[in-house]
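Next comes entry_13.pdb, with PDB, C-alpha atoms, pLDDT in the B column.
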```pdb
ATOM      1  CA  MET A  19      -5.361 -20.581  -8.417  1.00 72.00           C
ATOM      2  CA  ALA A  20      -8.566 -18.536  -8.097  1.00 80.00           C
ATOM      3  CA  ASP A  21      -7.393 -17.342  -4.674  1.00 80.00           C
ATOM      4  CA  HIS A  22      -4.144 -16.128  -6.220  1.00 82.00           C
ATOM      5  CA  ARG A  23      -5.988 -14.263  -8.949  1.00 88.00           C
ATOM      6  CA  GLU A  24      -8.290 -12.645  -6.389  1.00 88.00           C
ATOM      7  CA  SER A  25      -5.335 -11.570  -4.234  1.00 86.00           C
ATOM      8  CA  LEU A  26      -3.548 -10.109  -7.241  1.00 89.00           C
ATOM      9  CA  GLU A  27      -6.667  -8.236  -8.367  1.00 91.00           C
ATOM     10  CA  GLN A  28      -7.210  -6.834  -4.870  1.00 90.00           C
ATOM     11  CA  ALA A  29      -3.568  -5.762  -4.671  1.00 89.00           C
ATOM     12  CA  ILE A  30      -3.802  -4.009  -8.040  1.00 91.00           C
ATOM     13  CA  ASP A  31      -7.017  -2.250  -7.004  1.00 91.00           C
ATOM     14  CA  ALA A  32      -5.427  -1.064  -3.744  1.00 88.00           C
ATOM     15  CA  ILE A  33      -2.345   0.217  -5.575  1.00 89.00           C
ATOM     16  CA  ARG A  34      -4.540   2.097  -8.042  1.00 90.00           C
ATOM     17  CA  ARG A  35      -6.473   3.687  -5.169  1.00 88.00           C
ATOM     18  CA  ALA A  36      -3.192   4.654  -3.487  1.00 85.00           C
ATOM     19  CA  ILE A  37      -1.910   6.216  -6.717  1.00 85.00           C
ATOM     20  CA  ASP A  38      -5.135   8.150  -7.215  1.00 85.00           C
ATOM     21  CA  MET A  39      -5.064   9.431  -3.639  1.00 83.00           C
ATOM     22  CA  SER A  40      -1.386  10.350  -3.798  1.00 80.00           C
ATOM     23  CA  ARG A  41      -2.076  12.518  -6.843  1.00 79.00           C
ATOM     24  CA  GLU A  42      -4.545  14.510  -4.752  1.00 76.00           C
ATOM     25  CA  ILE A  43      -2.313  14.942  -1.707  1.00 69.00           C
ATOM     26  CA  ASP A  44      -1.110  18.443  -1.105  1.00 64.00           C
ATOM     27  CA  ALA A  45       2.387  19.396   0.007  1.00 59.00           C
ATOM     28  CA  ARG A  46       1.488  18.710   3.652  1.00 62.00           C
ATOM     29  CA  LEU A  47       0.663  15.069   2.862  1.00 67.00           C
ATOM     30  CA  ALA A  48      -2.737  15.487   4.493  1.00 70.00           C
ATOM     31  CA  ASN A  49      -4.066  12.086   3.365  1.00 73.00           C
ATOM     32  CA  ALA A  50      -0.839  10.095   3.534  1.00 78.00           C
ATOM     33  CA  ASP A  51      -2.386   7.789   6.137  1.00 81.00           C
ATOM     34  CA  LEU A  52      -5.067   6.762   3.637  1.00 83.00           C
ATOM     35  CA  VAL A  53      -2.446   6.069   0.974  1.00 81.00           C
ATOM     36  CA  ALA A  54      -0.518   3.996   3.517  1.00 84.00           C
ATOM     37  CA  ALA A  55      -3.656   2.014   4.314  1.00 87.00           C
ATOM     38  CA  GLU A  56      -4.119   1.155   0.645  1.00 86.00           C
ATOM     39  CA  LEU A  57      -0.454   0.164   0.352  1.00 87.00           C
ATOM     40  CA  ARG A  58      -0.861  -2.040   3.419  1.00 86.00           C
ATOM     41  CA  ILE A  59      -3.776  -3.822   1.740  1.00 87.00           C
ATOM     42  CA  ALA A  60      -1.750  -4.285  -1.446  1.00 87.00           C
ATOM     43  CA  ALA A  61       1.269  -5.591   0.457  1.00 86.00           C
ATOM     44  CA  GLY A  62      -0.888  -8.019   2.399  1.00 84.00           C
ATOM     45  CA  GLU A  63      -2.461  -9.410  -0.743  1.00 84.00           C
ATOM     46  CA  LEU A  64       0.904  -9.764  -2.472  1.00 84.00           C
ATOM     47  CA  ALA A  65       2.341 -11.434   0.626  1.00 83.00           C
ATOM     48  CA  ARG A  66      -0.454 -13.996   0.439  1.00 80.00           C
ATOM     49  CA  LEU A  67       0.686 -14.862  -3.086  1.00 81.00           C
ATOM     50  CA  VAL A  68       4.223 -15.703  -1.973  1.00 79.00           C
ATOM     51  CA  GLY A  69       3.413 -16.927   1.515  1.00 75.00           C
ATOM     52  CA  LYS A  70       5.137 -14.078   3.364  1.00 72.00           C
ATOM     53  CA  ASP A  71       4.090 -11.047   5.334  1.00 61.00           C
ATOM     54  CA  GLN A  72       6.561  -8.203   4.967  1.00 61.00           C
ATOM     55  CA  THR A  73       4.051  -5.377   5.311  1.00 61.00           C
ATOM     56  CA  GLU A  74       5.654  -3.670   8.293  1.00 65.00           C
ATOM     57  CA  GLU A  75       9.124  -3.805   6.756  1.00 66.00           C
ATOM     58  CA  MET A  76       7.928  -2.308   3.463  1.00 66.00           C
ATOM     59  CA  LEU A  77       5.924   0.458   5.134  1.00 68.00           C
ATOM     60  CA  GLY A  78       8.891   1.249   7.355  1.00 71.00           C
ATOM     61  CA  ARG A  79      11.070   1.781   4.299  1.00 69.00           C
ATOM     62  CA  ILE A  80       8.428   3.953   2.623  1.00 69.00           C
ATOM     63  CA  PHE A  81       7.876   6.179   5.650  1.00 70.00           C
ATOM     64  CA  ALA A  82      11.598   6.466   6.339  1.00 71.00           C
ATOM     65  CA  ARG A  83      11.955   8.149   2.951  1.00 68.00           C
ATOM     66  CA  PHE A  84       8.995  10.481   3.177  1.00 64.00           C
ATOM     67  CA  CYS A  85       8.980  11.385   6.887  1.00 58.00           C
ATOM     68  CA  VAL A  86       5.173  11.225   6.996  1.00 52.00           C
ATOM     69  CA  GLY A  87       3.577  12.598  10.138  1.00 54.00           C
ATOM     70  CA  LYS A  88       6.236  15.130  11.012  1.00 49.00           C
TER      71      LYS A  88
END
```

Go through the file and emit its structure as structure tokens.
Amino acid sequence: MADHRESLEQAIDAIRRAIDMSREIDARLANADLVAAELRIAAGELARLVGKDQTEEMLGRIFARFCVGK
């Protein structure tokens, strides 16, 4: 149970960092890779809670919508 709590806390922290960074991103999405890294951490921690790893699928859906890197 302590492992679950730790994973959830780490996921929440990563999501908060991603939100904070995304607020600072300019129209060119200059730091989108850093936001993606934080989201990857959050997804990994949440996947640990449910016993799955869907990080790549989730990030694929996110980047398909925002066309990051173009």

Notebook entry, point to check: For the file shown, what are the residues hit by the PyMOL selection byres ((chain A and resi 26) around 12), laid out as a VMD selection string?
Noted result: chain A and resid 19 to 25 27 to 33 59 to 68

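Distance-wise, CA of Phe81 in chain A and CA of Ala48 in chain A end up 14.2 Å apart.
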
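For the atom pair formed by CA of Arg41 in chain A and CA of Lys70 in chain A, the distance is 29.4 Å, given to one decimal.
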
Note to self: Just the number, please: distance in Å from CA of Ala82 in chain A to CA of Ala54 in chain A, one decimal.
What the structure shows: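 Between these atoms lies a distance of 12.7 Å.
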
Give me the residues within 12 Å of Asp38 in chain A as a compact mmCIF listing (two decimals) with C-alpha atoms, in the frame of the given file, counting only C-alpha atoms and dropping any in the same chain fewer than 5 places off.
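Result went into part-v5.txt, see below:
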```
# COMPACT_ATOMS: atom_id res chain seq x y z
CA ASP A 31 -7.02 -2.25 -7.00
CA ALA A 32 -5.43 -1.06 -3.74
CA ILE A 33 -2.35 0.22 -5.58
CA ILE A 43 -2.31 14.94 -1.71
CA ASN A 49 -4.07 12.09 3.36
CA ALA A 50 -0.84 10.10 3.53
CA LEU A 52 -5.07 6.76 3.64
CA VAL A 53 -2.45 6.07 0.97
CA GLU A 56 -4.12 1.16 0.64
CA LEU A 57 -0.45 0.16 0.35
```

Could you model N, CA and C atoms for range 37-68 of chain A and present them as a short mmCIF file (atom, residue, chain, number, x, y, z; two decimals), in the frame of the given file?
```cif
data_model
loop_
_atom_site.label_atom_id
_atom_site.label_comp_id
_atom_site.auth_asym_id
_atom_site.auth_seq_id
_atom_site.Cartn_x
_atom_site.Cartn_y
_atom_site.Cartn_z
N ILE A 37 -2.43 5.29 -5.71
CA ILE A 37 -1.91 6.22 -6.72
C ILE A 37 -2.87 7.38 -6.91
N ASP A 38 -4.15 7.09 -7.03
CA ASP A 38 -5.14 8.15 -7.22
C ASP A 38 -5.13 9.11 -6.03
N MET A 39 -5.08 8.58 -4.82
CA MET A 39 -5.06 9.43 -3.64
C MET A 39 -3.79 10.25 -3.56
N SER A 40 -2.66 9.64 -3.91
CA SER A 40 -1.39 10.35 -3.80
C SER A 40 -1.32 11.51 -4.78
N ARG A 41 -2.02 11.41 -5.88
CA ARG A 41 -2.08 12.52 -6.84
C ARG A 41 -2.83 13.71 -6.27
N GLU A 42 -3.72 13.45 -5.33
CA GLU A 42 -4.54 14.51 -4.75
C GLU A 42 -3.96 15.08 -3.47
N ILE A 43 -2.90 14.49 -2.97
CA ILE A 43 -2.31 14.94 -1.71
C ILE A 43 -1.60 16.26 -1.93
N ASP A 44 -1.80 17.17 -1.01
CA ASP A 44 -1.11 18.44 -1.10
C ASP A 44 0.29 18.33 -0.49
N ALA A 45 1.00 19.40 -0.46
CA ALA A 45 2.39 19.40 0.01
C ALA A 45 2.51 18.96 1.47
N ARG A 46 1.45 19.10 2.24
CA ARG A 46 1.49 18.71 3.65
C ARG A 46 1.23 17.23 3.86
N LEU A 47 0.95 16.51 2.80
CA LEU A 47 0.66 15.07 2.86
C LEU A 47 -0.53 14.77 3.77
N ALA A 48 -1.57 15.57 3.62
CA ALA A 48 -2.74 15.49 4.49
C ALA A 48 -3.39 14.11 4.52
N ASN A 49 -3.41 13.39 3.41
CA ASN A 49 -4.07 12.09 3.36
C ASN A 49 -3.08 10.93 3.23
N ALA A 50 -1.86 11.14 3.66
CA ALA A 50 -0.84 10.10 3.53
C ALA A 50 -1.23 8.83 4.29
N ASP A 51 -1.97 8.97 5.38
CA ASP A 51 -2.39 7.79 6.14
C ASP A 51 -3.33 6.92 5.32
N LEU A 52 -4.16 7.54 4.48
CA LEU A 52 -5.07 6.76 3.64
C LEU A 52 -4.30 6.04 2.53
N VAL A 53 -3.29 6.71 1.98
CA VAL A 53 -2.45 6.07 0.97
C VAL A 53 -1.72 4.88 1.61
N ALA A 54 -1.21 5.08 2.81
CA ALA A 54 -0.52 4.00 3.52
C ALA A 54 -1.45 2.82 3.76
N ALA A 55 -2.70 3.09 4.09
CA ALA A 55 -3.66 2.01 4.31
C ALA A 55 -3.86 1.19 3.05
N GLU A 56 -3.96 1.87 1.91
CA GLU A 56 -4.12 1.16 0.64
C GLU A 56 -2.86 0.34 0.32
N LEU A 57 -1.69 0.90 0.59
CA LEU A 57 -0.45 0.16 0.35
C LEU A 57 -0.34 -1.05 1.27
N ARG A 58 -0.86 -0.90 2.48
CA ARG A 58 -0.86 -2.04 3.42
C ARG A 58 -1.74 -3.17 2.88
N ILE A 59 -2.89 -2.81 2.34
CA ILE A 59 -3.78 -3.82 1.74
C ILE A 59 -3.07 -4.51 0.58
N ALA A 60 -2.45 -3.72 -0.29
CA ALA A 60 -1.75 -4.28 -1.45
C ALA A 60 -0.63 -5.21 -1.00
N ALA A 61 0.16 -4.77 -0.03
CA ALA A 61 1.27 -5.59 0.46
C ALA A 61 0.77 -6.89 1.07
N GLY A 62 -0.32 -6.82 1.79
CA GLY A 62 -0.89 -8.02 2.40
C GLY A 62 -1.35 -9.02 1.35
N GLU A 63 -1.99 -8.52 0.32
CA GLU A 63 -2.46 -9.41 -0.74
C GLU A 63 -1.29 -10.02 -1.50
N LEU A 64 -0.27 -9.23 -1.78
CA LEU A 64 0.90 -9.76 -2.47
C LEU A 64 1.65 -10.76 -1.59
N ALA A 65 1.70 -10.50 -0.30
CA ALA A 65 2.34 -11.43 0.63
C ALA A 65 1.62 -12.78 0.63
N ARG A 66 0.31 -12.75 0.50
CA ARG A 66 -0.45 -14.00 0.44
C ARG A 66 -0.05 -14.83 -0.77
N LEU A 67 0.30 -14.15 -1.87
CA LEU A 67 0.69 -14.86 -3.09
C LEU A 67 1.99 -15.63 -2.90
N VAL A 68 2.91 -15.07 -2.14
CA VAL A 68 4.22 -15.70 -1.97
C VAL A 68 4.39 -16.36 -0.61
#
```
